[in-house]
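Student: Pasting a structure below so you can have a look.
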Amino acid sequence: MLNKNDIRACLDTMAEMFPDAHCELNHRNPFELVIAVALSAQCTDALVNKVTKNLFEKYQTPEDYLNVPIEELQTDIRSIGLYRNKAKNIQKLCRMLIDDYGGIVPADRDELTKLPGVGRKTANVVVSVAYDIPAIAVDTHVERVSKRLAFCRWKDSVLEVEKTLMKKVPKEEWSVTHHRMIFFGRYHCKAQNPQCPECPLLDLCREGKKRMKASLK
DNA sequence: AACTCGGGGCA
DNA sequence: TGCCCAGAGTT
């Protein structure tokens, strides 16, 4: 595994490659952020943004989502896929926010995880983006990049990836690190067709060197 | 750890 | 057409 200094060098390079890396699902308030990120599972962020644009004009409060029949909410988010479960989760989530949290999105990762449709990744995004609490949300991009660059072990679980990153990255940089790695993973270190030949991190990348060697044969 | 949900985007 | 997508829940 890479040491702290090498990891820092990688992250600095990612920062140069994507200086404006940010949360593309960022919205005006914690409530809208929870909805947007919960909707984003197994779906592109562009599609989520297309849906939430109209959604957030129509619904502003948890009560608003509960005042329509489930079928109507399903229709409103139909184009993102998995819409039946997600519509059901949103209404249950709104019910819990009202009944258990005074209508306020909790600023606590473990409390957020109790909400339906909110897993560890979504909860980490919400606390870090909406409440400025240090957290590293490990999604498919962060996991893939961490493993290719040997920030962690290849066979690590998602939770182990998160723990390793928290150990090797200064706390005050967790949130930006998450965003940089996502941009790097999405636009450069892509799942199917990584841009290894033109990657500035190739010298430090175990997987990249392996891929380059394999492509020469 | 493996499986399922799912419409849209893209090759 | 076939494959994949800022995951989560269940078994």
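Scheme for the structure tokens: letters A, B, ... for chains in order shown; per-chain residue numbers from 1; ligand numbers from 1 in order shown.
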Env of Val127 of chain A: 9 Å cut, atoms = only C-alpha atoms (C1' of nucleotides), seq-sep filter 2 positions within chain, self excluded. Answer as number ranges by chain.

Tutor: A: 30, 106-109, 112, 122-125, 129-135

Student: Those same residues, written as a short mmCIF file (atom, residue, chain, number, x, y, z; two decimals), in the first residue's frame with N, CA and C atoms?

Tutor:
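So result_20.cif came out as:
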```cif
data_model
loop_
_atom_site.label_atom_id
_atom_site.label_comp_id
_atom_site.auth_asym_id
_atom_site.auth_seq_id
_atom_site.Cartn_x
_atom_site.Cartn_y
_atom_site.Cartn_z
N PRO A 30 -30.15 21.08 3.65
CA PRO A 30 -29.91 19.67 3.98
C PRO A 30 -31.04 18.75 3.52
N PRO A 106 -31.14 15.32 10.63
CA PRO A 106 -30.12 15.21 11.67
C PRO A 106 -28.71 15.39 11.12
N ALA A 107 -27.85 16.05 11.87
CA ALA A 107 -26.47 16.28 11.47
C ALA A 107 -25.57 15.19 12.04
N ASP A 108 -26.04 13.97 11.99
CA ASP A 108 -25.31 12.86 12.58
C ASP A 108 -25.39 11.65 11.66
N ARG A 109 -24.21 11.10 11.34
CA ARG A 109 -24.15 10.04 10.35
C ARG A 109 -24.96 8.81 10.76
N LEU A 112 -28.69 9.52 10.46
CA LEU A 112 -29.08 9.58 9.05
C LEU A 112 -29.24 8.18 8.46
N THR A 122 -24.46 7.82 1.47
CA THR A 122 -25.33 9.00 1.44
C THR A 122 -25.20 9.81 2.71
N ALA A 123 -25.17 9.14 3.85
CA ALA A 123 -25.06 9.82 5.13
C ALA A 123 -23.76 10.62 5.21
N ASN A 124 -22.68 10.05 4.70
CA ASN A 124 -21.40 10.76 4.72
C ASN A 124 -21.44 12.00 3.83
N VAL A 125 -22.08 11.90 2.69
CA VAL A 125 -22.20 13.07 1.81
C VAL A 125 -22.99 14.18 2.51
N VAL A 129 -21.26 17.69 3.31
CA VAL A 129 -21.63 18.80 2.44
C VAL A 129 -22.60 19.76 3.12
N ALA A 130 -23.62 19.21 3.78
CA ALA A 130 -24.65 20.07 4.37
C ALA A 130 -24.23 20.63 5.72
N TYR A 131 -23.47 19.86 6.50
CA TYR A 131 -23.15 20.28 7.86
C TYR A 131 -21.66 20.50 8.10
N ASP A 132 -20.86 20.38 7.05
CA ASP A 132 -19.44 20.68 7.17
C ASP A 132 -18.74 19.82 8.21
N ILE A 133 -19.19 18.58 8.34
CA ILE A 133 -18.55 17.63 9.25
C ILE A 133 -17.61 16.74 8.43
N PRO A 134 -16.35 16.60 8.85
CA PRO A 134 -15.40 15.82 8.07
C PRO A 134 -15.88 14.39 7.84
N ALA A 135 -15.88 13.94 6.60
CA ALA A 135 -16.29 12.58 6.27
C ALA A 135 -15.80 12.24 4.87
#
```

Student: As a PyMOL selection string, please: all residues of segment 24-69 of chain A that backbone DSSP puts in helix (DSSP H, G or I).

Tutor: chain A and resi 30-39+45-58+62-66

Student: Distance table requested - chain A against chain B, cut-off 6 Å, only C-alpha atoms (C1' of nucleotides): one row per qualifying residue with the closest atom pair and its distance in Å to one decimal, ordered by chain and rising residue number, as JSON lines.

Tutor:
```
{"residue": "A:Ser79", "atom": "CA", "partner": "B:DG7", "partner_atom": "C1'", "distance": 5.4}
{"residue": "A:Ile80", "atom": "CA", "partner": "B:DG7", "partner_atom": "C1'", "distance": 5.9}
{"residue": "A:Gly81", "atom": "CA", "partner": "B:DG7", "partner_atom": "C1'", "distance": 4.4}
{"residue": "A:Leu82", "atom": "CA", "partner": "B:DG6", "partner_atom": "C1'", "distance": 4.8}
```

Student: Counting only C-alpha atoms (C1' of nucleotides), give me one row per residue of chain C with an atom at most 7 Å from an atom of chain A, showing the shortest contact pair and its distance in Å to one decimal, sorted by chain then residue number, as JSON lines.

Tutor:
```
{"residue": "C:DC5", "atom": "C1'", "partner": "A:Cys43", "partner_atom": "CA", "distance": 4.6}
{"residue": "C:DA6", "atom": "C1'", "partner": "A:Asp139", "partner_atom": "CA", "distance": 6.4}
{"residue": "C:DG7", "atom": "C1'", "partner": "A:Ala41", "partner_atom": "CA", "distance": 4.5}
{"residue": "C:DA8", "atom": "C1'", "partner": "A:Gly119", "partner_atom": "CA", "distance": 6.0}
```

Student: Could you turn the residues from that selection into a file that holds all heavy atoms, as an mmCIF file, in the first residue's frame?

Tutor:
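What ended up in out-v1.cif:
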```cif
data_model
loop_
_atom_site.group_PDB
_atom_site.id
_atom_site.type_symbol
_atom_site.label_atom_id
_atom_site.label_comp_id
_atom_site.auth_asym_id
_atom_site.auth_seq_id
_atom_site.Cartn_x
_atom_site.Cartn_y
_atom_site.Cartn_z
ATOM 1 P P DC C 5 -20.410 1.634 -13.916
ATOM 2 O OP1 DC C 5 -19.045 2.149 -13.786
ATOM 3 O OP2 DC C 5 -20.837 0.460 -13.151
ATOM 4 O "O5'" DC C 5 -21.431 2.834 -13.586
ATOM 5 C "C5'" DC C 5 -21.361 4.010 -14.372
ATOM 6 C "C4'" DC C 5 -22.582 4.870 -14.118
ATOM 7 O "O4'" DC C 5 -23.762 4.194 -14.590
ATOM 8 C "C3'" DC C 5 -22.814 5.199 -12.649
ATOM 9 O "O3'" DC C 5 -23.178 6.561 -12.526
ATOM 10 C "C2'" DC C 5 -24.002 4.291 -12.290
ATOM 11 C "C1'" DC C 5 -24.764 4.233 -13.595
ATOM 12 N N1 DC C 5 -25.618 3.047 -13.776
ATOM 13 C C2 DC C 5 -26.937 3.210 -14.230
ATOM 14 O O2 DC C 5 -27.353 4.334 -14.448
ATOM 15 N N3 DC C 5 -27.696 2.108 -14.414
ATOM 16 C C4 DC C 5 -27.197 0.891 -14.174
ATOM 17 N N4 DC C 5 -27.982 -0.166 -14.367
ATOM 18 C C5 DC C 5 -25.851 0.702 -13.714
ATOM 19 C C6 DC C 5 -25.109 1.795 -13.532
ATOM 20 P P DA C 6 -22.035 7.651 -12.143
ATOM 21 O OP1 DA C 6 -22.469 8.867 -12.780
ATOM 22 O OP2 DA C 6 -20.686 7.108 -12.309
ATOM 23 O "O5'" DA C 6 -22.330 7.770 -10.573
ATOM 24 C "C5'" DA C 6 -21.359 8.372 -9.820
ATOM 25 C "C4'" DA C 6 -21.582 8.087 -8.348
ATOM 26 O "O4'" DA C 6 -21.190 9.275 -7.633
ATOM 27 C "C3'" DA C 6 -23.011 7.777 -7.881
ATOM 28 O "O3'" DA C 6 -22.930 6.903 -6.767
ATOM 29 C "C2'" DA C 6 -23.524 9.141 -7.467
ATOM 30 C "C1'" DA C 6 -22.244 9.713 -6.814
ATOM 31 N N9 DA C 6 -22.174 11.143 -6.746
ATOM 32 C C8 DA C 6 -23.192 12.011 -6.547
ATOM 33 N N7 DA C 6 -22.845 13.265 -6.518
ATOM 34 C C5 DA C 6 -21.487 13.232 -6.722
ATOM 35 C C6 DA C 6 -20.508 14.227 -6.820
ATOM 36 N N6 DA C 6 -20.769 15.516 -6.704
ATOM 37 N N1 DA C 6 -19.228 13.841 -7.024
ATOM 38 C C2 DA C 6 -18.974 12.552 -7.131
ATOM 39 N N3 DA C 6 -19.816 11.506 -7.081
ATOM 40 C C4 DA C 6 -21.061 11.925 -6.875
ATOM 41 P P DG C 7 -23.196 5.271 -7.092
ATOM 42 O OP1 DG C 7 -22.005 4.485 -6.814
ATOM 43 O OP2 DG C 7 -23.848 5.199 -8.397
ATOM 44 O "O5'" DG C 7 -24.335 4.870 -6.027
ATOM 45 C "C5'" DG C 7 -23.956 4.658 -4.685
ATOM 46 C "C4'" DG C 7 -25.208 4.531 -3.837
ATOM 47 O "O4'" DG C 7 -26.103 3.567 -4.431
ATOM 48 C "C3'" DG C 7 -24.929 4.037 -2.427
ATOM 49 O "O3'" DG C 7 -25.909 4.608 -1.590
ATOM 50 C "C2'" DG C 7 -25.051 2.535 -2.572
ATOM 51 C "C1'" DG C 7 -26.167 2.408 -3.629
ATOM 52 N N9 DG C 7 -26.030 1.248 -4.506
ATOM 53 C C8 DG C 7 -24.858 0.721 -4.979
ATOM 54 N N7 DG C 7 -25.042 -0.307 -5.759
ATOM 55 C C5 DG C 7 -26.418 -0.470 -5.801
ATOM 56 C C6 DG C 7 -27.208 -1.418 -6.480
ATOM 57 O O6 DG C 7 -26.835 -2.341 -7.217
ATOM 58 N N1 DG C 7 -28.562 -1.221 -6.241
ATOM 59 C C2 DG C 7 -29.081 -0.224 -5.462
ATOM 60 N N2 DG C 7 -30.402 -0.186 -5.356
ATOM 61 N N3 DG C 7 -28.360 0.673 -4.828
ATOM 62 C C4 DG C 7 -27.035 0.483 -5.026
ATOM 63 P P DA C 8 -25.888 4.345 -0.022
ATOM 64 O OP1 DA C 8 -26.271 5.611 0.616
ATOM 65 O OP2 DA C 8 -24.647 3.661 0.343
ATOM 66 O "O5'" DA C 8 -27.111 3.327 0.146
ATOM 67 C "C5'" DA C 8 -28.402 3.747 -0.249
ATOM 68 C "C4'" DA C 8 -29.411 2.632 -0.054
ATOM 69 O "O4'" DA C 8 -29.186 1.594 -1.019
ATOM 70 C "C3'" DA C 8 -29.355 1.968 1.323
ATOM 71 O "O3'" DA C 8 -30.679 1.896 1.821
ATOM 72 C "C2'" DA C 8 -28.761 0.598 1.046
ATOM 73 C "C1'" DA C 8 -29.183 0.344 -0.384
ATOM 74 N N9 DA C 8 -28.287 -0.523 -1.140
ATOM 75 C C8 DA C 8 -26.916 -0.467 -1.175
ATOM 76 N N7 DA C 8 -26.362 -1.354 -1.970
ATOM 77 C C5 DA C 8 -27.446 -2.042 -2.508
ATOM 78 C C6 DA C 8 -27.531 -3.097 -3.419
ATOM 79 N N6 DA C 8 -26.474 -3.675 -3.984
ATOM 80 N N1 DA C 8 -28.767 -3.545 -3.748
ATOM 81 C C2 DA C 8 -29.837 -2.972 -3.186
ATOM 82 N N3 DA C 8 -29.880 -1.963 -2.301
ATOM 83 C C4 DA C 8 -28.634 -1.538 -2.011
#
```
